[in-house]
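Asks: Sharing target-v4.txt below, compact mmCIF, C-alpha atoms:
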```txt
# COMPACT_ATOMS: atom_id res chain seq x y z
CA MET A 28 182.15 -62.36 -42.71
CA ILE A 29 179.40 -63.91 -44.74
CA ARG A 30 178.78 -62.27 -48.12
CA ALA A 31 175.39 -62.04 -49.78
CA ALA A 32 176.08 -65.04 -51.96
CA LEU A 33 174.76 -68.56 -51.56
CA PHE A 34 176.17 -71.71 -53.07
CA PHE A 35 174.64 -74.88 -54.54
CA ALA A 36 176.50 -78.17 -54.33
CA SER A 37 177.41 -80.05 -57.47
CA SER A 38 174.91 -82.74 -56.46
CA LEU A 39 172.24 -80.62 -58.15
CA PHE A 40 173.26 -82.06 -61.48
CA VAL A 41 170.71 -84.62 -62.67
CA GLY A 42 172.30 -85.34 -66.02
CA VAL A 43 175.48 -84.69 -67.95
CA ALA A 44 175.98 -84.91 -71.69
CA SER A 45 179.50 -84.66 -73.05
CA THR A 46 179.96 -82.46 -76.10
CA ASN A 47 183.78 -82.53 -76.25
CA VAL A 48 186.71 -83.01 -73.91
CA ALA A 49 186.54 -79.50 -72.45
CA ALA A 50 182.78 -78.78 -72.55
CA GLU A 51 179.65 -80.39 -71.16
CA THR A 52 175.92 -79.82 -71.11
CA ILE A 53 174.23 -80.42 -67.77
CA ASP A 54 170.58 -80.71 -66.75
CA VAL A 55 169.43 -79.38 -63.38
CA GLU A 56 165.91 -79.81 -62.01
CA TYR A 57 164.00 -76.52 -62.24
CA SER A 58 162.53 -77.26 -58.81
CA ARG A 59 165.99 -76.65 -57.33
CA PHE A 60 166.00 -73.12 -58.74
CA TYR A 61 162.35 -72.56 -57.83
CA SER A 62 163.05 -73.23 -54.16
CA HIS A 63 165.29 -70.15 -54.24
CA VAL A 64 163.49 -67.72 -56.53
CA LYS A 65 160.13 -68.16 -54.80
CA LYS A 66 161.70 -66.61 -51.67
CA LEU A 67 161.82 -63.28 -53.53
CA ASP A 68 158.27 -63.39 -54.86
CA ASN A 69 156.85 -60.65 -52.64
CA GLU A 70 156.73 -56.85 -52.41
CA ASP A 71 159.38 -56.57 -49.71
CA THR A 72 162.03 -58.07 -52.03
CA GLN A 73 160.69 -57.01 -55.44
CA ALA A 74 163.96 -55.31 -56.43
CA LEU A 75 166.09 -58.41 -55.85
CA GLN A 76 166.93 -61.45 -57.91
CA PHE A 77 169.05 -64.57 -57.71
CA ALA A 78 171.68 -64.79 -60.44
CA PHE A 79 172.94 -68.31 -61.09
CA GLY A 80 176.36 -69.24 -62.38
CA PHE A 81 179.28 -71.60 -61.89
CA VAL A 82 182.52 -71.04 -60.01
CA ARG A 83 185.68 -72.76 -61.19
CA VAL A 84 186.92 -74.99 -58.36
CA GLY A 85 190.18 -73.76 -56.89
CA GLU A 86 190.25 -70.58 -58.98
CA GLY A 87 187.27 -68.53 -57.81
CA ARG A 88 186.46 -67.25 -61.31
CA LEU A 89 183.20 -67.92 -63.09
CA CYS A 90 183.11 -70.79 -65.56
CA GLU A 91 182.09 -69.93 -69.11
CA VAL A 92 178.45 -70.63 -69.97
CA ASN A 93 177.70 -70.86 -73.68
CA GLY A 94 173.93 -70.90 -73.17
CA ALA A 95 171.07 -71.92 -70.90
CA SER A 96 167.41 -72.85 -71.39
CA ILE A 97 164.40 -74.26 -69.60
CA VAL A 98 163.25 -77.53 -71.12
CA THR A 99 159.87 -79.26 -70.76
CA ASP A 100 158.26 -82.10 -72.72
CA LYS A 101 156.54 -79.52 -74.94
CA LYS A 102 158.96 -76.63 -75.41
CA THR A 103 162.39 -75.12 -74.84
CA MET A 104 162.70 -71.58 -73.49
CA PRO A 105 166.09 -69.86 -73.87
CA LEU A 106 167.49 -67.91 -70.92
CA THR A 107 169.65 -64.80 -71.18
CA VAL A 108 173.23 -65.38 -70.05
CA SER A 109 175.28 -62.33 -69.04
CA GLU A 110 178.78 -61.70 -70.35
CA GLU A 111 180.25 -62.91 -67.08
CA GLY A 112 178.29 -66.18 -67.25
CA ARG A 113 175.28 -65.71 -64.97
CA PHE A 114 171.59 -66.17 -65.70
CA THR A 115 168.22 -65.80 -63.98
CA VAL A 116 165.14 -68.02 -64.10
CA PRO A 117 161.45 -67.07 -63.89
CA THR A 118 159.32 -67.85 -60.85
CA GLU A 119 156.79 -70.23 -62.37
CA LYS A 120 155.16 -72.94 -60.28
CA ALA A 121 153.84 -74.49 -63.50
CA LEU A 122 157.41 -75.26 -64.57
CA LYS A 123 158.00 -77.04 -61.28
CA LEU A 124 154.83 -79.09 -61.72
CA ALA A 125 155.89 -79.93 -65.27
CA ASN A 126 159.20 -81.32 -63.98
CA ALA A 127 161.09 -78.86 -66.15
CA LEU A 128 164.86 -78.96 -66.44
CA VAL A 129 167.33 -76.12 -66.72
CA ARG A 130 169.83 -77.11 -69.40
CA ILE A 131 173.21 -75.37 -69.18
CA ASP A 132 175.86 -75.56 -71.88
CA LEU A 133 179.20 -75.18 -70.12
CA ASN A 134 182.40 -74.37 -71.96
CA GLU A 135 184.29 -76.36 -69.33
CA ARG A 136 183.99 -79.75 -67.67
CA ALA A 137 181.11 -79.92 -65.18
CA ASN A 138 183.21 -81.62 -62.50
CA VAL A 139 185.41 -78.52 -62.12
CA CYS A 140 182.50 -76.06 -61.86
CA ASP A 141 180.37 -75.65 -58.73
CA MET A 142 177.04 -73.91 -59.14
CA SER A 143 176.63 -70.65 -57.21
CA VAL A 144 173.69 -68.40 -56.42
CA GLN A 145 174.17 -64.67 -56.00
CA LEU A 146 171.63 -62.29 -54.48
CA GLU A 147 171.65 -58.95 -56.31
CA THR A 148 169.43 -56.13 -57.51
CA LYS A 149 167.45 -56.48 -60.74
CA PRO A 150 168.88 -54.69 -63.82
CA GLU A 151 166.28 -51.91 -63.71
CA TYR A 152 167.75 -50.72 -60.40
CA LEU A 153 171.25 -50.24 -61.83
CA LYS A 154 171.81 -46.61 -62.79
CA GLN A 155 174.26 -43.74 -62.63
CA HIS A 156 172.30 -41.46 -60.30
CA TYR A 157 170.65 -42.62 -57.05
CA THR A 158 168.51 -40.49 -54.79
CA LYS A 159 168.52 -40.98 -51.03
CA GLU A 160 165.14 -42.72 -51.44
CA ASP A 161 166.66 -45.11 -54.00
CA LEU A 162 169.47 -46.12 -51.66
CA THR A 163 167.17 -46.46 -48.66
CA PHE A 164 164.78 -48.59 -50.73
CA LEU A 165 167.51 -51.00 -51.86
CA TYR A 166 168.91 -51.28 -48.35
CA ALA A 167 165.43 -52.04 -47.01
CA GLN A 168 164.94 -54.76 -49.64
CA TYR A 169 168.08 -56.59 -48.53
CA GLU A 170 167.24 -56.06 -44.89
CA ALA A 171 163.77 -57.57 -45.45
CA PHE A 172 165.27 -60.63 -47.13
CA PHE A 173 167.85 -61.28 -44.42
CA ASN A 174 165.30 -60.67 -41.68
CA GLU A 175 162.88 -63.12 -43.25
CA MET A 176 165.54 -65.79 -43.69
CA GLY A 177 166.85 -65.11 -40.20
CA SER A 178 163.43 -65.72 -38.68
CA PHE A 179 164.18 -69.45 -38.80
CA LEU A 180 167.94 -69.47 -39.50
CA SER A 181 169.05 -66.72 -37.14
CA PHE A 182 172.08 -68.69 -36.01
CA MET A 183 173.35 -68.87 -39.62
CA MET A 184 172.19 -65.70 -41.35
CA PRO A 185 174.24 -62.50 -41.36
CA SER A 186 172.84 -59.03 -40.86
CA VAL A 187 172.92 -56.26 -43.47
CA LYS A 188 175.31 -53.41 -42.73
CA GLY A 189 175.28 -51.58 -46.07
CA LEU A 190 175.38 -51.83 -49.85
CA MET A 191 178.22 -52.95 -52.09
CA ILE A 192 178.25 -51.50 -55.62
CA GLN A 193 180.38 -53.37 -58.16
CA PHE A 194 181.53 -52.20 -61.61
CA ASP A 195 182.58 -54.28 -64.59
CA ASP A 196 185.94 -52.47 -64.66
CA LYS A 197 187.87 -54.08 -61.81
CA ASN A 198 190.56 -51.39 -62.09
CA LEU A 199 188.18 -48.48 -61.61
CA ASP A 200 189.27 -45.96 -58.98
CA PHE A 201 187.02 -42.92 -58.60
CA ILE A 202 185.87 -40.46 -55.96
CA THR A 203 182.19 -39.58 -56.35
CA PRO A 204 180.96 -35.98 -55.99
CA GLN A 205 179.67 -37.05 -52.58
CA GLY A 206 183.20 -37.96 -51.49
CA VAL A 207 182.98 -41.77 -51.35
CA GLN A 208 185.78 -43.80 -52.93
CA ILE A 209 185.46 -46.53 -55.55
CA ASN A 210 188.47 -48.83 -55.17
CA ASN A 211 189.29 -51.51 -57.73
CA GLY A 212 185.78 -51.36 -59.14
CA VAL A 213 183.97 -51.67 -55.80
CA LEU A 214 182.17 -49.07 -53.68
CA HIS A 215 181.13 -49.86 -50.09
CA LEU A 216 178.33 -47.80 -48.54
CA GLU A 217 177.82 -48.30 -44.82
CA GLN A 218 174.33 -48.00 -43.34
CA ASP A 219 175.24 -44.79 -41.49
CA TRP A 220 176.37 -43.17 -44.74
CA ILE A 221 173.13 -44.20 -46.47
CA ASP A 222 171.08 -42.77 -43.60
CA ASP A 223 172.83 -39.40 -43.94
CA ALA A 224 173.15 -39.36 -47.73
CA LYS A 225 171.39 -36.91 -50.04
CA GLY A 226 172.06 -39.06 -53.10
CA LEU A 227 174.86 -40.71 -55.04
CA THR A 228 176.37 -40.01 -58.46
CA LEU A 229 178.47 -42.72 -60.09
CA PRO A 230 180.74 -42.50 -63.14
CA HIS A 231 178.31 -44.84 -64.92
CA ALA A 232 175.74 -47.52 -64.10
CA PRO A 233 177.27 -50.38 -62.08
CA LEU A 234 177.40 -54.07 -62.87
CA ARG A 235 175.45 -54.99 -59.73
CA VAL A 236 174.43 -53.87 -56.26
CA THR A 237 174.60 -56.44 -53.48
CA ALA A 238 174.42 -56.34 -49.70
CA MET A 239 177.31 -55.80 -47.34
CA ALA A 240 176.69 -58.32 -44.61
CA SER A 241 178.27 -59.40 -41.36
CA SER A 242 177.50 -62.12 -38.85
```
Mind turning this structure into C-alpha cells?

Replies:
Amino acid sequence: MIRAALFFASSLFVGVASTNVAAETIDVEYSRFYSHVKKLDNEDTQALQFAFGFVRVGEGRLCEVNGASIVTDKKTMPLTVSEEGRFTVPTEKALKLANALVRIDLNERANVCDMSVQLETKPEYLKQHYTKEDLTFLYAQYEAFFNEMGSFLSFMMPSVKGLMIQFDDKNLDFITPQGVQINNGVLHLEQDWIDDAKGLTLPHAPLRVTAMASS
C-alpha cells in the first residue's frame, strides 16, 4: 500500500554548515520545493498542502528542526515550524526566479535525516465537527490530486479509498457518536462510510487529515 506521503532524497541538500557535533544547518534550493507546491495551486486542491520535514534514518521518527527560513540576496523570511518538526513554504514563482534557498536548522546531523514531503489538509480544515459536505469536499480534493498525478503516472500512483484522521495523542482510543472507532490516535474513514455519513463529531480537532490510498 502506498500512503499519501512523498519523499525527497538527501541529494536535495545544496549546502551544509556545521554548528556543533550534533546539529547542522542545511540550504535547499527553493525551486525543489516549488516543483511540489505548484501542483496544489488550483481550485481542485485548494484545501491541501505539502508539509516538509525530515525522517531519522532507520528510526522512522521526525528529526528535530530548530527553525527554517527562506533566504534571498535581499531578505530572510522565517517559516513556521510545527511542534513535530514540519513546515510549509509559499507558492511564489518570484522566489524561484530569485534563486532563493530554504535554510533549515536541524538539531541533528544532516546525514542521518532524509527530507520527506507529506500531503495533508491545511490547518483551517482541521476541526472537531465535520458535516457530510465537509468530508465529501476533502475526499474530492485528494481524489482530484491523485487523478491529476495519475494522468501521466498511472502506473505509479495509488487511488484514494478514504480519509485518515490523525490526532496528536497517539494513545487516543475513542468511539465517535457516529460509531466509528479511533484507535491509537488514528481514525480511518472508508469511501463508502463517507458516502453514507451525515457528519462526524470528534473529541477535538485532529492533528491532520490525509488520504487513505491503495495501489

Asks: Leaving out Pro233 (chain A) and any residue of its chain fewer than 3 positions from it, which residues lie within 10 Å of it when counting only C-alpha atoms, given as a ChimeraX atom specification?

Replies: /A:150,152-155,192-196,212-214,229-230,236

Asks: Listing only residues of region 100-143 of chain A within 9 Å of region 62-73 of chain A, what is the closest atom pair and its distance in Å (to one decimal) for each, using only C-alpha atoms, sorted by chain and residue number ascending, as JSON lines?

Replies:
```
{"residue": "A:Val116", "atom": "CA", "partner": "A:Val64", "partner_atom": "CA", "distance": 7.8}
{"residue": "A:Pro117", "atom": "CA", "partner": "A:Val64", "partner_atom": "CA", "distance": 7.7}
{"residue": "A:Thr118", "atom": "CA", "partner": "A:Val64", "partner_atom": "CA", "distance": 6.0}
{"residue": "A:Glu119", "atom": "CA", "partner": "A:Lys65", "partner_atom": "CA", "distance": 8.5}
{"residue": "A:Lys120", "atom": "CA", "partner": "A:Lys65", "partner_atom": "CA", "distance": 8.8}
```

Asks: Of the residues A:Val84, A:Ala50, A:Leu227, A:Ala78, which is the one nearest to Glu160 (chain A), using only C-alpha atoms?

Replies: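 Among the listed residues, the smallest separation from Glu160 (chain A) belongs to A:Leu227.
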
Asks: May I have the residues within 9 Å of Leu133 (chain A) as a list in words, using only C-alpha atoms and disregarding those fewer than 2 positions away in the same chain?

Replies: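 Neighbouring residues, sequence-local ones excluded: Ala49, Ala50, Glu51, Thr52, Ile53, Phe81, Cys90, Glu91, Val92, Asn93, Gly94, Ala95, Ile131, Glu135, Arg136, Ala137 and Cys140 of chain A.
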
Asks: Could you tell me which of A:Leu199, A:Ile209, A:Leu128, A:Val187 comes closest to Tyr166 (chain A) if we count all atoms listed in the file?

Replies: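 When distances to Tyr166 (chain A) are compared using all atoms listed in the file, the smallest one comes from A:Val187.
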
Asks: At what distance in Å, to one decimal, does CA of Ala238 (chain A) lie from CA of Glu111 (chain A)?

Replies: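 One can read the CA of Glu111 (chain A) to CA of Ala238 (chain A) distance as 19.5 Å.
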
Asks: Please provide as a compact mmCIF listing (two decimals) with C-alpha atoms, in the frame of the given file all residues within 12 Å of Phe164 (chain A), with the sequence filter that same-chain residues fewer than 4 positions apart are discarded (counting all atoms listed in the file).

Replies:
```
# COMPACT_ATOMS: atom_id res chain seq x y z
CA GLU A 70 156.73 -56.85 -52.41
CA ASP A 71 159.38 -56.57 -49.71
CA THR A 72 162.03 -58.07 -52.03
CA GLN A 73 160.69 -57.01 -55.44
CA ALA A 74 163.96 -55.31 -56.43
CA LEU A 75 166.09 -58.41 -55.85
CA THR A 148 169.43 -56.13 -57.51
CA TYR A 152 167.75 -50.72 -60.40
CA TYR A 157 170.65 -42.62 -57.05
CA THR A 158 168.51 -40.49 -54.79
CA LYS A 159 168.52 -40.98 -51.03
CA GLU A 160 165.14 -42.72 -51.44
CA GLN A 168 164.94 -54.76 -49.64
CA TYR A 169 168.08 -56.59 -48.53
CA GLU A 170 167.24 -56.06 -44.89
CA ALA A 171 163.77 -57.57 -45.45
CA GLY A 189 175.28 -51.58 -46.07
CA LEU A 190 175.38 -51.83 -49.85
CA ILE A 221 173.13 -44.20 -46.47
CA ASP A 222 171.08 -42.77 -43.60
```

Asks: Would you mind reading off the distance between CA of Thr163 (chain A) and CA of Phe77 (chain A), one decimal, in Å?

Replies: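 Separating CA of Thr163 (chain A) from CA of Phe77 (chain A) is a distance of 20.3 Å.
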
Asks: Can you measure CA of Ala121 (chain A) to CA of Ser96 (chain A) for me? One decimal in Å is fine.

Replies: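 Here the two named atoms are 15.8 Å from each other.
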
Asks: Of the candidates A:Glu151, A:His215, A:Met142, A:Val207, which shows the shortest atom-to-atom distance to Thr237 (chain A), using only C-alpha atoms?

Replies: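 Closest residue, counting only C-alpha atoms: A:His215.
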